[in-house]
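*Asks:* So that we are looking at the same thing, I have put the structure below in structure tokens.
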Amino acid sequence: MQITRVETFLAPPRWMFVRVETDTGLVGWGEPVVEGRAEPVRAAVEVLAEYLLGRDPSRIEDHWQVMTKGGFYRGGPVLSSAVAGLDQALWDIKGKEYGVPVHQLLGGPVRERVRAYSWIGGDEPAEIRDALTAQIEAGFTAVKMNGCGPMTPVATRAEIRDCLRRAETAREVLGDERDFGLDFHGRVSPANARRLLPLLAEHAPMFVEEPVLPDYPHSLPDLVNASNIPLALGERLFTRQEFLAPLQAGVAILQPDISHAGGISELRRIAALAETYGAQLAPHCPLGPISLAASLQVAFTTPNFLIQEQSIGIHYNQDAELLDYVIDPAPFRFQGGSLARTDRPGLGITVDEPAVRAADKKGHTWRNPVWRHADGSFAEW
Ligand SMILES: [Mg+2]
């Protein structure tokens, strides 16, 4: 078998898909994207495709090695995401070739369903309450929300209280049987995180996510010891090497994104590394259907998997939704907040190719907002 064509498609709201075709007619799909940087990733995919064209798609590991290490200058989110999407497509082809889902090729299932959480929007406590109630009614057993808006580097008491009130409201509405994750989103300085974590502990969040920006890995041991809350991070880390220091610092939950961190191949290795520290995998995935499908394949076969992020109904999804790009929504039908394992081949979904081609004609130019503090200076989003 030979790879004969590699095409990319920009798909609203902010995604990109890659289609890898072979001379046998088998086609694989992947989702290579960095939110807000889709065009550079597209260019990176085109450069990598020069290497892949004419080659055997079954040599996934060898292609992964060449794509990540074959250039003298390596790494970074753009290249790593381009590799990630292509890796997903190659696994999709391999699964379809053998007529089995990818998780069977990775060692077989270790679970029959994958627990997922939903995002809630709403920055006002009253809105949080309604949004939480809606997710409970939809059957979810866990939600995630931002812990704060823009936060000044040394927070006022009001800013601290606002964060605590969100957590208090979440616990009150969810009760003791359900979970919530609180995402600091890199908005919280190391000093503020040190102050907030012990105060949040009484509300027992499932985890606090990105307690600080990845720029401050040296603050992680202190933050791990600041409270009993499990810390989670990893959506802005791209290789197993980058996850080692957080694990050594005591971070409990790794959140690599299968469309950023080298695809199915590297996510499996990050999970295995986490296992040696007793840490759990909770993949980041505010993206589209191919990314979620690939994540689920890893979740079905990974012992130390905790919970899956997914984007249905997320506040970023305007103009288009995850289900717009698949023929049959069944693999994404939630039951009690979980997705059931299926034996469909490859990534387990059928991409709606006409819908994807039509979406690319429209394209998108999604960029994340630029926030400012009250004095006009730059604020982390
Ligand atoms: Mg996050």
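Within each chain, counting starts at residue 1; across the structure tokens, chains are named A, B, ... in the order shown, with ligands numbered 1 upward in that order.
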Any residue with an atom at most 9 Å from ligand 1 counts, using only C-alpha atoms and all ligand atoms. Which are they? Put them as a list in words.

*Replies:*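 If we count only C-alpha atoms and all ligand atoms, the neighbours of ligand 1 turn out to be Asn146, Leu182, Asp183, Phe184, His185, Gly186, Glu209, Glu210, Leu233, Gly234, Glu235, Arg236, Gln255, His284 and Pro286 of chain A.
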
*Asks:* Take the residues from that selection and write them out as a short mmCIF file (atom, residue, chain, number, x, y, z; two decimals), in the first residue's frame, keeping C-alpha atoms.

*Replies:*
data_model
loop_
_atom_site.label_atom_id
_atom_site.label_comp_id
_atom_site.auth_asym_id
_atom_site.auth_seq_id
_atom_site.Cartn_x
_atom_site.Cartn_y
_atom_site.Cartn_z
CA ASN A 146 -12.98 28.24 34.42
CA LEU A 182 -11.61 23.96 37.95
CA ASP A 183 -9.48 25.33 35.10
CA PHE A 184 -7.11 28.16 36.06
CA HIS A 185 -6.29 28.34 32.32
CA GLY A 186 -2.85 29.82 32.97
CA GLU A 209 -6.13 22.48 35.85
CA GLU A 210 -3.16 24.50 34.60
CA LEU A 233 -1.96 20.00 33.33
CA GLY A 234 -0.58 19.24 29.91
CA GLU A 235 -2.65 20.75 27.11
CA ARG A 236 0.37 22.96 26.30
CA GLN A 255 -3.90 16.23 30.04
CA HIS A 284 -7.56 17.60 26.67
CA PRO A 286 -12.06 20.87 23.11
#

*Asks:* According to DSSP computed on the backbone, where in range 143-246 of chain A is there strand (DSSP E or B)? Give the residues as a ChimeraX atom specification.

*Replies:* /A:143-146,179-183,207-209,231-233

*Asks:* Can you check which residues of range 211-305 of chain A DSSP gives as alpha helix (DSSP H) on the backbone and send them as a PyMOL selection string?

*Replies:* chain A and resi 220-224+240-249+263-275+289-301

*Asks:* Could you take the residues named above and write them with C-alpha atoms, as a short mmCIF file (atom, residue, chain, number, x, y, z; two decimals), in the first residue's frame?

*Replies:*
data_model
loop_
_atom_site.label_atom_id
_atom_site.label_comp_id
_atom_site.auth_asym_id
_atom_site.auth_seq_id
_atom_site.Cartn_x
_atom_site.Cartn_y
_atom_site.Cartn_z
CA LEU A 220 4.89 22.96 40.65
CA PRO A 221 6.39 21.16 43.69
CA ASP A 222 5.24 24.03 45.95
CA LEU A 223 1.79 24.05 44.39
CA VAL A 224 1.42 20.27 44.73
CA ARG A 240 6.67 12.63 26.87
CA GLN A 241 9.95 14.38 27.73
CA GLU A 242 8.04 17.55 28.67
CA PHE A 243 5.75 15.59 31.00
CA LEU A 244 8.56 14.13 33.08
CA ALA A 245 9.23 17.20 35.28
CA PRO A 246 5.54 17.73 36.18
CA LEU A 247 5.29 14.04 37.12
CA GLN A 248 8.42 14.32 39.24
CA ALA A 249 6.86 17.38 40.91
CA GLY A 263 -1.12 11.76 18.15
CA ILE A 264 -2.17 8.28 19.23
CA SER A 265 1.43 7.02 19.23
CA GLU A 266 2.74 9.62 21.68
CA LEU A 267 -0.38 9.73 23.88
CA ARG A 268 0.06 6.03 24.59
CA ARG A 269 3.66 6.64 25.64
CA ILE A 270 2.73 9.63 27.82
CA ALA A 271 0.11 7.42 29.53
CA ALA A 272 2.73 4.72 30.14
CA LEU A 273 5.11 7.29 31.61
CA ALA A 274 2.31 8.57 33.88
CA GLU A 275 1.62 5.00 35.01
CA PRO A 289 -14.94 14.65 16.04
CA ILE A 290 -11.73 13.07 14.73
CA SER A 291 -9.72 14.25 17.70
CA LEU A 292 -12.36 12.95 20.12
CA ALA A 293 -12.62 9.62 18.28
CA ALA A 294 -8.84 9.19 18.42
CA SER A 295 -8.83 10.06 22.13
CA LEU A 296 -11.53 7.48 22.80
CA GLN A 297 -9.46 4.77 21.09
CA VAL A 298 -6.65 5.50 23.56
CA ALA A 299 -9.07 5.66 26.50
CA PHE A 300 -10.54 2.23 25.70
CA THR A 301 -7.12 0.61 26.02
#

*Asks:* Might you pull out every residue within 12 Å of range 68-79 of chain A, with only C-alpha atoms counted and same-chain residues fewer than 3 positions away left off, and present them as a PyMOL selection string?

*Replies:* chain A and resi 32-48+51+61-65+82-87+235-242+256-263+265-266

*Asks:* Kindly export the residues of the current selection with N, CA and C atoms, as a compact mmCIF listing (two decimals), in the first residue's frame.

*Replies:*
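New file part.txt:
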# COMPACT_ATOMS: atom_id res chain seq x y z
N PRO A 32 -5.22 17.63 12.68
CA PRO A 32 -4.02 18.34 13.10
C PRO A 32 -4.33 19.82 13.26
N VAL A 33 -4.35 20.30 14.47
CA VAL A 33 -4.67 21.74 14.64
C VAL A 33 -4.15 22.25 15.97
N VAL A 34 -3.75 23.51 15.95
CA VAL A 34 -3.55 24.28 17.20
C VAL A 34 -4.58 25.40 17.14
N GLU A 35 -5.42 25.49 18.14
CA GLU A 35 -6.47 26.49 18.14
C GLU A 35 -5.86 27.89 17.98
N GLY A 36 -6.31 28.58 16.93
CA GLY A 36 -5.81 29.93 16.67
C GLY A 36 -4.57 29.96 15.78
N ARG A 37 -4.03 28.77 15.47
CA ARG A 37 -2.83 28.69 14.63
C ARG A 37 -3.01 27.61 13.55
N ALA A 38 -4.23 27.52 13.03
CA ALA A 38 -4.52 26.44 12.07
C ALA A 38 -3.69 26.57 10.79
N GLU A 39 -3.51 27.79 10.30
CA GLU A 39 -2.82 27.95 9.00
C GLU A 39 -1.36 27.48 9.05
N PRO A 40 -0.60 27.85 10.10
CA PRO A 40 0.77 27.32 10.17
C PRO A 40 0.81 25.79 10.29
N VAL A 41 -0.17 25.20 10.97
CA VAL A 41 -0.20 23.74 11.06
C VAL A 41 -0.47 23.14 9.68
N ARG A 42 -1.37 23.78 8.95
CA ARG A 42 -1.67 23.32 7.58
C ARG A 42 -0.38 23.31 6.74
N ALA A 43 0.40 24.38 6.85
CA ALA A 43 1.66 24.45 6.09
C ALA A 43 2.61 23.33 6.54
N ALA A 44 2.64 23.06 7.84
CA ALA A 44 3.52 22.00 8.35
C ALA A 44 3.07 20.63 7.83
N VAL A 45 1.76 20.42 7.76
CA VAL A 45 1.26 19.14 7.22
C VAL A 45 1.69 19.00 5.76
N GLU A 46 1.61 20.09 5.01
CA GLU A 46 1.98 20.02 3.58
C GLU A 46 3.47 19.65 3.42
N VAL A 47 4.31 20.20 4.29
CA VAL A 47 5.74 19.87 4.22
C VAL A 47 5.96 18.40 4.58
N LEU A 48 5.29 17.91 5.63
CA LEU A 48 5.44 16.51 6.03
C LEU A 48 4.90 15.57 4.96
N TYR A 51 7.19 14.04 2.42
CA TYR A 51 7.89 12.81 2.82
C TYR A 51 6.99 11.58 2.70
N GLU A 61 5.23 3.91 13.15
CA GLU A 61 6.27 4.33 14.09
C GLU A 61 7.47 4.94 13.37
N ASP A 62 7.85 4.32 12.26
CA ASP A 62 9.00 4.86 11.52
C ASP A 62 8.67 6.24 10.96
N HIS A 63 7.46 6.41 10.44
CA HIS A 63 7.07 7.74 9.94
C HIS A 63 7.05 8.76 11.08
N TRP A 64 6.58 8.32 12.27
CA TRP A 64 6.54 9.22 13.44
C TRP A 64 7.96 9.69 13.78
N GLN A 65 8.88 8.74 13.77
CA GLN A 65 10.28 9.08 14.10
C GLN A 65 10.83 10.10 13.11
N ALA A 82 0.91 18.91 13.65
CA ALA A 82 0.87 18.37 12.28
C ALA A 82 1.15 16.86 12.31
N VAL A 83 2.17 16.46 13.07
CA VAL A 83 2.49 15.04 13.22
C VAL A 83 1.31 14.30 13.85
N ALA A 84 0.70 14.94 14.85
CA ALA A 84 -0.41 14.31 15.59
C ALA A 84 -1.56 13.94 14.66
N GLY A 85 -1.95 14.87 13.79
CA GLY A 85 -3.07 14.60 12.89
C GLY A 85 -2.73 13.51 11.88
N LEU A 86 -1.52 13.56 11.36
CA LEU A 86 -1.10 12.53 10.39
C LEU A 86 -1.02 11.16 11.06
N ASP A 87 -0.51 11.13 12.28
CA ASP A 87 -0.43 9.87 13.04
C ASP A 87 -1.83 9.27 13.23
N GLU A 235 -2.15 20.43 28.44
CA GLU A 235 -2.65 20.75 27.11
C GLU A 235 -1.63 21.57 26.32
N ARG A 236 -0.67 22.20 27.01
CA ARG A 236 0.37 22.96 26.30
C ARG A 236 1.74 22.30 26.42
N LEU A 237 1.74 20.98 26.61
CA LEU A 237 2.97 20.19 26.55
C LEU A 237 2.81 19.21 25.39
N PHE A 238 3.91 18.85 24.75
CA PHE A 238 3.78 18.17 23.46
C PHE A 238 4.53 16.86 23.33
N THR A 239 5.37 16.53 24.31
CA THR A 239 6.14 15.29 24.21
C THR A 239 6.21 14.62 25.58
N ARG A 240 6.53 13.32 25.58
CA ARG A 240 6.67 12.63 26.87
C ARG A 240 7.80 13.25 27.68
N GLN A 241 8.84 13.76 27.00
CA GLN A 241 9.95 14.38 27.73
C GLN A 241 9.46 15.58 28.55
N GLU A 242 8.53 16.35 27.97
CA GLU A 242 8.04 17.55 28.67
C GLU A 242 7.16 17.19 29.87
N PRO A 256 -2.55 15.60 28.09
CA PRO A 256 -2.07 15.84 26.72
C PRO A 256 -3.25 15.87 25.76
N ASP A 257 -3.09 16.60 24.68
CA ASP A 257 -4.12 16.67 23.65
C ASP A 257 -3.67 15.81 22.48
N ILE A 258 -4.51 14.89 22.05
CA ILE A 258 -4.12 13.93 21.01
C ILE A 258 -3.89 14.61 19.66
N SER A 259 -4.38 15.85 19.52
CA SER A 259 -4.12 16.60 18.29
C SER A 259 -2.94 17.56 18.44
N HIS A 260 -2.34 17.62 19.61
CA HIS A 260 -1.16 18.47 19.80
C HIS A 260 0.08 17.65 20.14
N ALA A 261 -0.11 16.62 20.95
CA ALA A 261 1.04 15.91 21.52
C ALA A 261 1.36 14.63 20.75
N GLY A 262 1.60 14.78 19.44
CA GLY A 262 2.13 13.64 18.68
C GLY A 262 1.17 12.51 18.38
N GLY A 263 -0.12 12.73 18.59
CA GLY A 263 -1.12 11.76 18.15
C GLY A 263 -1.29 10.56 19.06
N SER A 265 0.16 7.66 18.87
CA SER A 265 1.43 7.02 19.23
C SER A 265 2.02 7.64 20.49
N GLU A 266 2.08 8.97 20.55
CA GLU A 266 2.74 9.62 21.68
C GLU A 266 1.83 9.64 22.91

*Asks:* List the spatial neighbours of Ile3 in chain A as a ChimeraX atom specification - criterion: any atom at most 9 Å away, only C-alpha atoms, same-chain residues fewer than 3 positions off excluded.

*Replies:* /A:6,20-23,52-57

*Asks:* Can you write just those residues out, C-alpha atoms, as a PDB file, in the first residue's frame?

*Replies:*
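Generated file (again_15.pdb):
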ATOM      1  CA  VAL A   6      -2.754  14.195   1.631  1.00  0.00           C
ATOM      2  CA  VAL A  20      -4.783  10.618   3.795  1.00  0.00           C
ATOM      3  CA  GLU A  21      -5.586   8.530   0.732  1.00  0.00           C
ATOM      4  CA  THR A  22      -3.901   5.324  -0.398  1.00  0.00           C
ATOM      5  CA  ASP A  23      -3.604   3.510  -3.709  1.00  0.00           C
ATOM      6  CA  LEU A  52       4.829  10.582   3.194  1.00  0.00           C
ATOM      7  CA  LEU A  53       3.685  10.509  -0.442  1.00  0.00           C
ATOM      8  CA  GLY A  54       4.580   7.202  -2.079  1.00  0.00           C
ATOM      9  CA  ARG A  55       5.383   5.532   1.244  1.00  0.00           C
ATOM     10  CA  ASP A  56       3.756   2.591   3.032  1.00  0.00           C
ATOM     11  CA  PRO A  57       1.162   3.885   5.562  1.00  0.00           C
TER      12      PRO A  57
END

*Asks:* Considering only C-alpha atoms, can you say which of A:Glu309, A:Ala11, A:Pro230, A:Pro329 comes closest to Pro354 in chain A?

*Replies:*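 For Pro354 in chain A, the nearest of the candidates is A:Ala11.
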
*Asks:* Find the residue from A:Pro198, A:Gly250, A:Gly313, A:Pro331 that sits nearest to Tyr277 in chain A; use only C-alpha atoms when measuring.

*Replies:*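 Among the listed residues, the smallest separation from Tyr277 in chain A belongs to A:Gly250.
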